[in-house]
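*Asks:* Dropping a structure here in structure tokens format, bear with me for questions.
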Amino acid sequence: ALIENERQLASYAGLDVVQRQSGLAARAARISRRGNVHLRQALYLPAVSSLRYNPQQMAFYARLRARQPSGKPGVIAVMRKLLLLCYSLWKNDRPYDPHYHPARPPRSEKEIAPAA
């Protein structure tokens with residue numbers, strides 16, 4: 001198979017983050033852009049649209065914008081998130097559920113240490 005996991009898919013699309021450095025000089029981290037340009041182009045408008053209509057993506061983007069004033073890296077992160085979401089839905093053969101949240105194991109009373 002060409003792509004076996006999410007990391008390989010992100011790399012194929014050119015949405016993987018790389019740190020360029022030489023000696024003591026280190027530049028800011030950026031996407032590699034070594035991958036499929038058509039795939040990145042196809043993901044851009046759905047990412048922008050999801051930022052307008054999808055509450056989960058809006059919250060994710062707001063968290064990123066709180067850390068970084070520039071908006072473009074946030075859009076790229078949403079593009080990557082959408083790509084990995086599509087891959088996950090295809091791999092698990094499931095329809096999209098906007099109310100889905102990954103299951104977290106419930107905390108039992110035994111795990112919580114008593115305050116003494």
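Ligands are numbered from 1 in the order shown, chains are lettered A, B, ... in the order of the structure tokens, and residues start at 1 in each chain.
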Check the DSSP output for the backbone and give back, as a VMD selection string, the residues of segment 5-115 of chain A in helix (DSSP H, G or I).
*Replies:* chain A and resid 6 to 13 37 to 53 55 to 67 72 to 92
*Asks:* Using C-alpha atoms, can you write the selected residues to a file as a tab-separated table (two decimals), in the first residue's frame?
*Replies:*
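Wrote result34.tsv, looks like this:
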```
chain	number	residue	atom	x	y	z
A	6	GLU	CA	-1.93	9.27	8.97
A	7	ARG	CA	1.63	10.56	9.11
A	8	GLN	CA	2.39	9.17	5.65
A	9	LEU	CA	-0.82	10.70	4.29
A	10	ALA	CA	0.05	14.14	5.67
A	11	SER	CA	3.52	13.82	4.15
A	12	TYR	CA	2.03	12.75	0.80
A	13	ALA	CA	-0.14	15.87	0.82
A	37	VAL	CA	-0.05	20.20	-4.77
A	38	HIS	CA	-3.47	19.23	-6.18
A	39	LEU	CA	-4.46	17.63	-2.89
A	40	ARG	CA	-3.48	20.77	-0.95
A	41	GLN	CA	-5.42	22.94	-3.41
A	42	ALA	CA	-8.47	20.69	-3.05
A	43	LEU	CA	-8.35	20.98	0.74
A	44	TYR	CA	-8.07	24.77	0.97
A	45	LEU	CA	-11.67	25.83	0.27
A	46	PRO	CA	-13.23	23.07	2.40
A	47	ALA	CA	-10.98	24.19	5.26
A	48	VAL	CA	-12.01	27.82	4.89
A	49	SER	CA	-15.66	26.79	4.63
A	50	SER	CA	-15.43	24.59	7.72
A	51	LEU	CA	-14.02	27.55	9.63
A	52	ARG	CA	-17.24	29.36	8.88
A	53	TYR	CA	-19.78	26.60	9.52
A	55	PRO	CA	-18.17	24.66	15.44
A	56	GLN	CA	-15.40	22.14	16.22
A	57	GLN	CA	-13.14	23.59	13.53
A	58	MET	CA	-13.94	27.13	14.67
A	59	ALA	CA	-12.89	26.28	18.23
A	60	PHE	CA	-9.71	24.57	17.00
A	61	TYR	CA	-8.83	27.59	14.85
A	62	ALA	CA	-9.54	30.00	17.72
A	63	ARG	CA	-7.11	28.08	19.95
A	64	LEU	CA	-4.43	28.32	17.25
A	65	ARG	CA	-5.06	32.03	16.67
A	66	ALA	CA	-4.68	32.70	20.39
A	67	ARG	CA	-1.09	31.44	20.12
A	72	LYS	CA	-2.59	31.13	7.49
A	73	PRO	CA	-0.90	28.47	9.70
A	74	GLY	CA	-4.28	27.92	11.36
A	75	VAL	CA	-5.95	27.33	7.99
A	76	ILE	CA	-3.19	24.88	7.07
A	77	ALA	CA	-3.71	23.06	10.37
A	78	VAL	CA	-7.43	22.81	9.60
A	79	MET	CA	-6.60	21.46	6.14
A	80	ARG	CA	-4.47	18.74	7.73
A	81	LYS	CA	-7.19	17.99	10.28
A	82	LEU	CA	-9.80	17.59	7.52
A	83	LEU	CA	-7.50	15.33	5.50
A	84	LEU	CA	-6.88	13.08	8.50
A	85	LEU	CA	-10.60	13.08	9.35
A	86	CYS	CA	-11.44	11.91	5.82
A	87	TYR	CA	-8.77	9.21	6.05
A	88	SER	CA	-10.05	8.02	9.42
A	89	LEU	CA	-13.65	7.87	8.22
A	90	TRP	CA	-12.62	5.96	5.11
A	91	LYS	CA	-10.34	3.57	7.01
A	92	ASN	CA	-12.98	2.77	9.66
```
*Asks:* Among segment 2-116 of chain A, which residues does DSSP mark as strand (DSSP E) when it is run on the backbone? Keep the chain and numbering as in the structure and answer as a ChimeraX atom specification.
*Replies:* /A:17-18,21-22,25-26,30-31
*Asks:* For the residues in the current selection, export N, CA and C atoms as an mmCIF file, in the first residue's frame.
*Replies:*
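Output saved as result-v6.cif:
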```cif
data_model
loop_
_atom_site.group_PDB
_atom_site.id
_atom_site.type_symbol
_atom_site.label_atom_id
_atom_site.label_comp_id
_atom_site.auth_asym_id
_atom_site.auth_seq_id
_atom_site.Cartn_x
_atom_site.Cartn_y
_atom_site.Cartn_z
ATOM 1 N N VAL A 17 4.968 19.116 8.939
ATOM 2 C CA VAL A 17 5.753 20.247 9.410
ATOM 3 C C VAL A 17 7.222 19.854 9.445
ATOM 4 N N VAL A 18 8.071 20.733 8.907
ATOM 5 C CA VAL A 18 9.512 20.493 8.917
ATOM 6 C C VAL A 18 10.211 21.689 9.547
ATOM 7 N N GLN A 21 17.117 23.746 9.612
ATOM 8 C CA GLN A 21 18.196 24.312 10.419
ATOM 9 C C GLN A 21 19.539 23.906 9.846
ATOM 10 N N SER A 22 20.507 24.734 10.127
ATOM 11 C CA SER A 22 21.862 24.472 9.708
ATOM 12 C C SER A 22 22.775 25.061 10.772
ATOM 13 N N ALA A 25 21.786 28.134 13.158
ATOM 14 C CA ALA A 25 20.673 28.867 12.563
ATOM 15 C C ALA A 25 19.468 27.942 12.404
ATOM 16 N N ALA A 26 18.362 28.348 12.979
ATOM 17 C CA ALA A 26 17.131 27.561 12.847
ATOM 18 C C ALA A 26 16.016 28.502 12.409
ATOM 19 N N ARG A 30 7.725 25.072 9.073
ATOM 20 C CA ARG A 30 6.782 25.288 7.982
ATOM 21 C C ARG A 30 6.313 23.942 7.449
ATOM 22 N N ILE A 31 5.311 23.969 6.573
ATOM 23 C CA ILE A 31 4.927 22.722 5.913
ATOM 24 C C ILE A 31 5.971 22.420 4.844
#
```
*Asks:* Please indicate the distance in Å from atom CA of Asn54 of chain A to atom CA of Tyr96 of chain A, rounded to one decimal place.
*Replies:*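 Distance between the two atoms: 12.5 Å.
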*Asks:* Rounded to one decimal place, report the atom CA of Asp93 of chain A-atom CA of Ile3 of chain A distance in Å.
*Replies:*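 Taking atom CA of Asp93 of chain A as the start and atom CA of Ile3 of chain A as the end point, the length is 16.6 Å.
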